Amino acid sequence: MLQIVYEATTDIDAQQVVQIDETRGQITIKIHAEAPVDEAAQALTREVRDFLAKNTWFQIWRGRIISADSPDHPLAVKYEVDDLVDRMKAVEIRETCGLVTYHMARTSSIRLLVHALNRALECFLAGGQWFQFWEGEIVTIDSPDRITVGSAS
C-alpha cells in the first residue's frame, strides 16, 4: 500500500521547515507548524524535487512510466500559494503528465493544510497512477502492507 503522510510539527529545526522520510510504501513529510505557507511552499518544492531525484517514486501517465529522469516530461511536484483556493479547503491538487501541483491557500494554517493534504492524497493515490521502487520491489496502492518471506500456503 502507498501512503504520503504530512505532519505539522515543531520537532524539526525551524530553519529546515520541511523534513522527508521514506520507508516501504510510505513517505512522511514533516512541515514546521509555525512556518508561513509561502515559506513552506518553497521548502516543499525544493525538498520534494531533491527527493524525487532519487528515482524511487514514479507516475504512470497514459501507460507511460514517468520519472525525474524522463526526457520529455521529467517528474516534478510543485507547491504554489494560490489566493483563489478557499482557506478552509486549504489545497487543490492538479496532475498532468510529469507534474503534480499543489495549490495552497495563503491564509490557511499549516495544521489545516496538513489535514487537507492527507485527506486529498488518500483519493489521489487511490487512482493507481503512482508506484514506489523500494529495494527491488515495485510497491503500488494494491501491494500488501508487509511482505512475508517463506510463509506457508
# chains A, B, ... in the order shown; residues from 1 in each chain; ligands from 1
>>> residues_around(residues="Val114 (chain A)", least_positions_apart="2", cutoff="10 Å", atoms="only C-alpha atoms", output="list in words")
Val5, Tyr6, Glu7, Ala8, Ile29, Lys30, Ile31, Ala33, Ala90, Val91, Ser108, Ser109, Ile110, Arg111, Leu112, Ala116, Leu117, Asn118, Arg119 and Ala120 of chain A
>>> write_last_selection(atoms="N, CA and C atoms", output="JSON list (two decimals), in the first residue's frame")
[["chain", "number", "residue", "atom", "x", "y", "z"],
["A", 5, "VAL", "N", 2.09, 10.88, 3.91],
["A", 5, "VAL", "CA", 1.52, 11.45, 5.12],
["A", 5, "VAL", "C", 2.26, 12.73, 5.46],
["A", 6, "TYR", "N", 1.50, 13.79, 5.61],
["A", 6, "TYR", "CA", 2.04, 15.07, 6.03],
["A", 6, "TYR", "C", 1.81, 15.22, 7.53],
["A", 7, "GLU", "N", 2.78, 15.84, 8.21],
["A", 7, "GLU", "CA", 2.66, 16.10, 9.64],
["A", 7, "GLU", "C", 3.05, 17.54, 9.92],
["A", 8, "ALA", "N", 2.26, 18.22, 10.72],
["A", 8, "ALA", "CA", 2.63, 19.54, 11.23],
["A", 8, "ALA", "C", 3.34, 19.30, 12.55],
["A", 29, "ILE", "N", 6.15, 13.48, 5.34],
["A", 29, "ILE", "CA", 6.66, 14.83, 5.10],
["A", 29, "ILE", "C", 6.26, 15.69, 6.29],
["A", 30, "LYS", "N", 7.26, 16.08, 7.06],
["A", 30, "LYS", "CA", 7.03, 16.93, 8.23],
["A", 30, "LYS", "C", 7.24, 18.38, 7.83],
["A", 31, "ILE", "N", 6.28, 19.21, 8.24],
["A", 31, "ILE", "CA", 6.35, 20.65, 7.97],
["A", 31, "ILE", "C", 6.34, 21.37, 9.31],
["A", 33, "ALA", "N", 5.23, 23.55, 11.97],
["A", 33, "ALA", "CA", 3.87, 24.04, 12.19],
["A", 33, "ALA", "C", 3.77, 25.56, 12.24],
["A", 90, "ALA", "N", -8.15, 24.71, 1.82],
["A", 90, "ALA", "CA", -6.71, 24.73, 2.05],
["A", 90, "ALA", "C", -5.86, 24.30, 0.85],
["A", 91, "VAL", "N", -6.28, 23.28, 0.08],
["A", 91, "VAL", "CA", -5.42, 22.80, -1.00],
["A", 91, "VAL", "C", -6.26, 22.24, -2.15],
["A", 108, "SER", "N", -4.31, 29.83, 5.05],
["A", 108, "SER", "CA", -4.55, 28.60, 5.82],
["A", 108, "SER", "C", -3.40, 28.38, 6.80],
["A", 109, "SER", "N", -3.68, 27.75, 7.91],
["A", 109, "SER", "CA", -2.61, 27.39, 8.83],
["A", 109, "SER", "C", -1.93, 26.11, 8.32],
["A", 110, "ILE", "N", -0.73, 25.87, 8.77],
["A", 110, "ILE", "CA", -0.03, 24.63, 8.38],
["A", 110, "ILE", "C", -0.80, 23.42, 8.89],
["A", 111, "ARG", "N", -1.36, 23.49, 10.07],
["A", 111, "ARG", "CA", -2.13, 22.35, 10.60],
["A", 111, "ARG", "C", -3.35, 22.05, 9.73],
["A", 112, "LEU", "N", -4.09, 23.05, 9.32],
["A", 112, "LEU", "CA", -5.23, 22.84, 8.44],
["A", 112, "LEU", "C", -4.77, 22.34, 7.07],
["A", 116, "ALA", "N", -5.83, 18.81, 5.22],
["A", 116, "ALA", "CA", -6.40, 18.80, 3.86],
["A", 116, "ALA", "C", -5.54, 17.98, 2.91],
["A", 117, "LEU", "N", -4.24, 18.10, 3.01],
["A", 117, "LEU", "CA", -3.33, 17.33, 2.15],
["A", 117, "LEU", "C", -3.51, 15.83, 2.38],
["A", 118, "ASN", "N", -3.57, 15.42, 3.62],
["A", 118, "ASN", "CA", -3.71, 13.99, 3.92],
["A", 118, "ASN", "C", -5.02, 13.44, 3.38],
["A", 119, "ARG", "N", -6.10, 14.17, 3.55],
["A", 119, "ARG", "CA", -7.40, 13.73, 3.01],
["A", 119, "ARG", "C", -7.36, 13.63, 1.49],
["A", 120, "ALA", "N", -6.83, 14.67, 0.85],
["A", 120, "ALA", "CA", -6.79, 14.71, -0.62],
["A", 120, "ALA", "C", -5.88, 13.63, -1.19]]
>>> residues_around(residues="Lys78 (chain A)", least_positions_apart="3", cutoff="9 Å", atoms="only C-alpha atoms", output="PyMOL selection string")
chain A and resi 41-42+44-46+48-49+99-103
>>> closest_residue(among="A:Asp69, A:Glu122, A:Asp145, A:Asp38", to="Asp83 (chain A)", atoms="only C-alpha atoms")
A:Asp38
>>> select_by_dssp(residues="chain A", states="strand (DSSP E or B)", output="PyMOL selection string")
chain A and resi 3-9+18-23+26-32+57-61+64-66+76-81+91-96+99-104+130-134+137-139
>>> select_by_dssp(residues="chain A", states="helix (DSSP H, G or I)", output="ChimeraX atom specification")
/A:37-52,110-126
>>> closest_residue(among="A:Trp134, A:Trp61, A:Tyr79, A:Phe51", to="Thr23 (chain A)", atoms="only C-alpha atoms")
A:Trp134
>>> atom_distance(atom1="CA of Phe58 (chain A)", atom2="CA of Leu75 (chain A)")
7.6 Å
>>> atom_distance(atom1="CA of Gln132 (chain A)", atom2="CA of Leu113 (chain A)")
24.4 Å
>>> closest_residue(among="A:Val17, A:Val77, A:Leu121, A:Val37", to="Asp50 (chain A)", atoms="only C-alpha atoms")
A:Val77
>>> atom_distance(atom1="CA of Glu34 (chain A)", atom2="CA of Ala14 (chain A)")
7.9 Å
>>> closest_residue(among="A:Gly25, A:Pro144, A:Pro71, A:Gly98", to="Gln59 (chain A)", atoms="only C-alpha atoms")
A:Gly98
>>> closest_residue(among="A:Ile27, A:Ile93, A:Leu52, A:Met1", to="Ser143 (chain A)", atoms="only C-alpha atoms")
A:Met1
>>> residues_around(residues="Gly63 (chain A)", least_positions_apart="5", cutoff="12 Å", atoms="only C-alpha atoms", output="number ranges by chain")
A: 97, 128-130
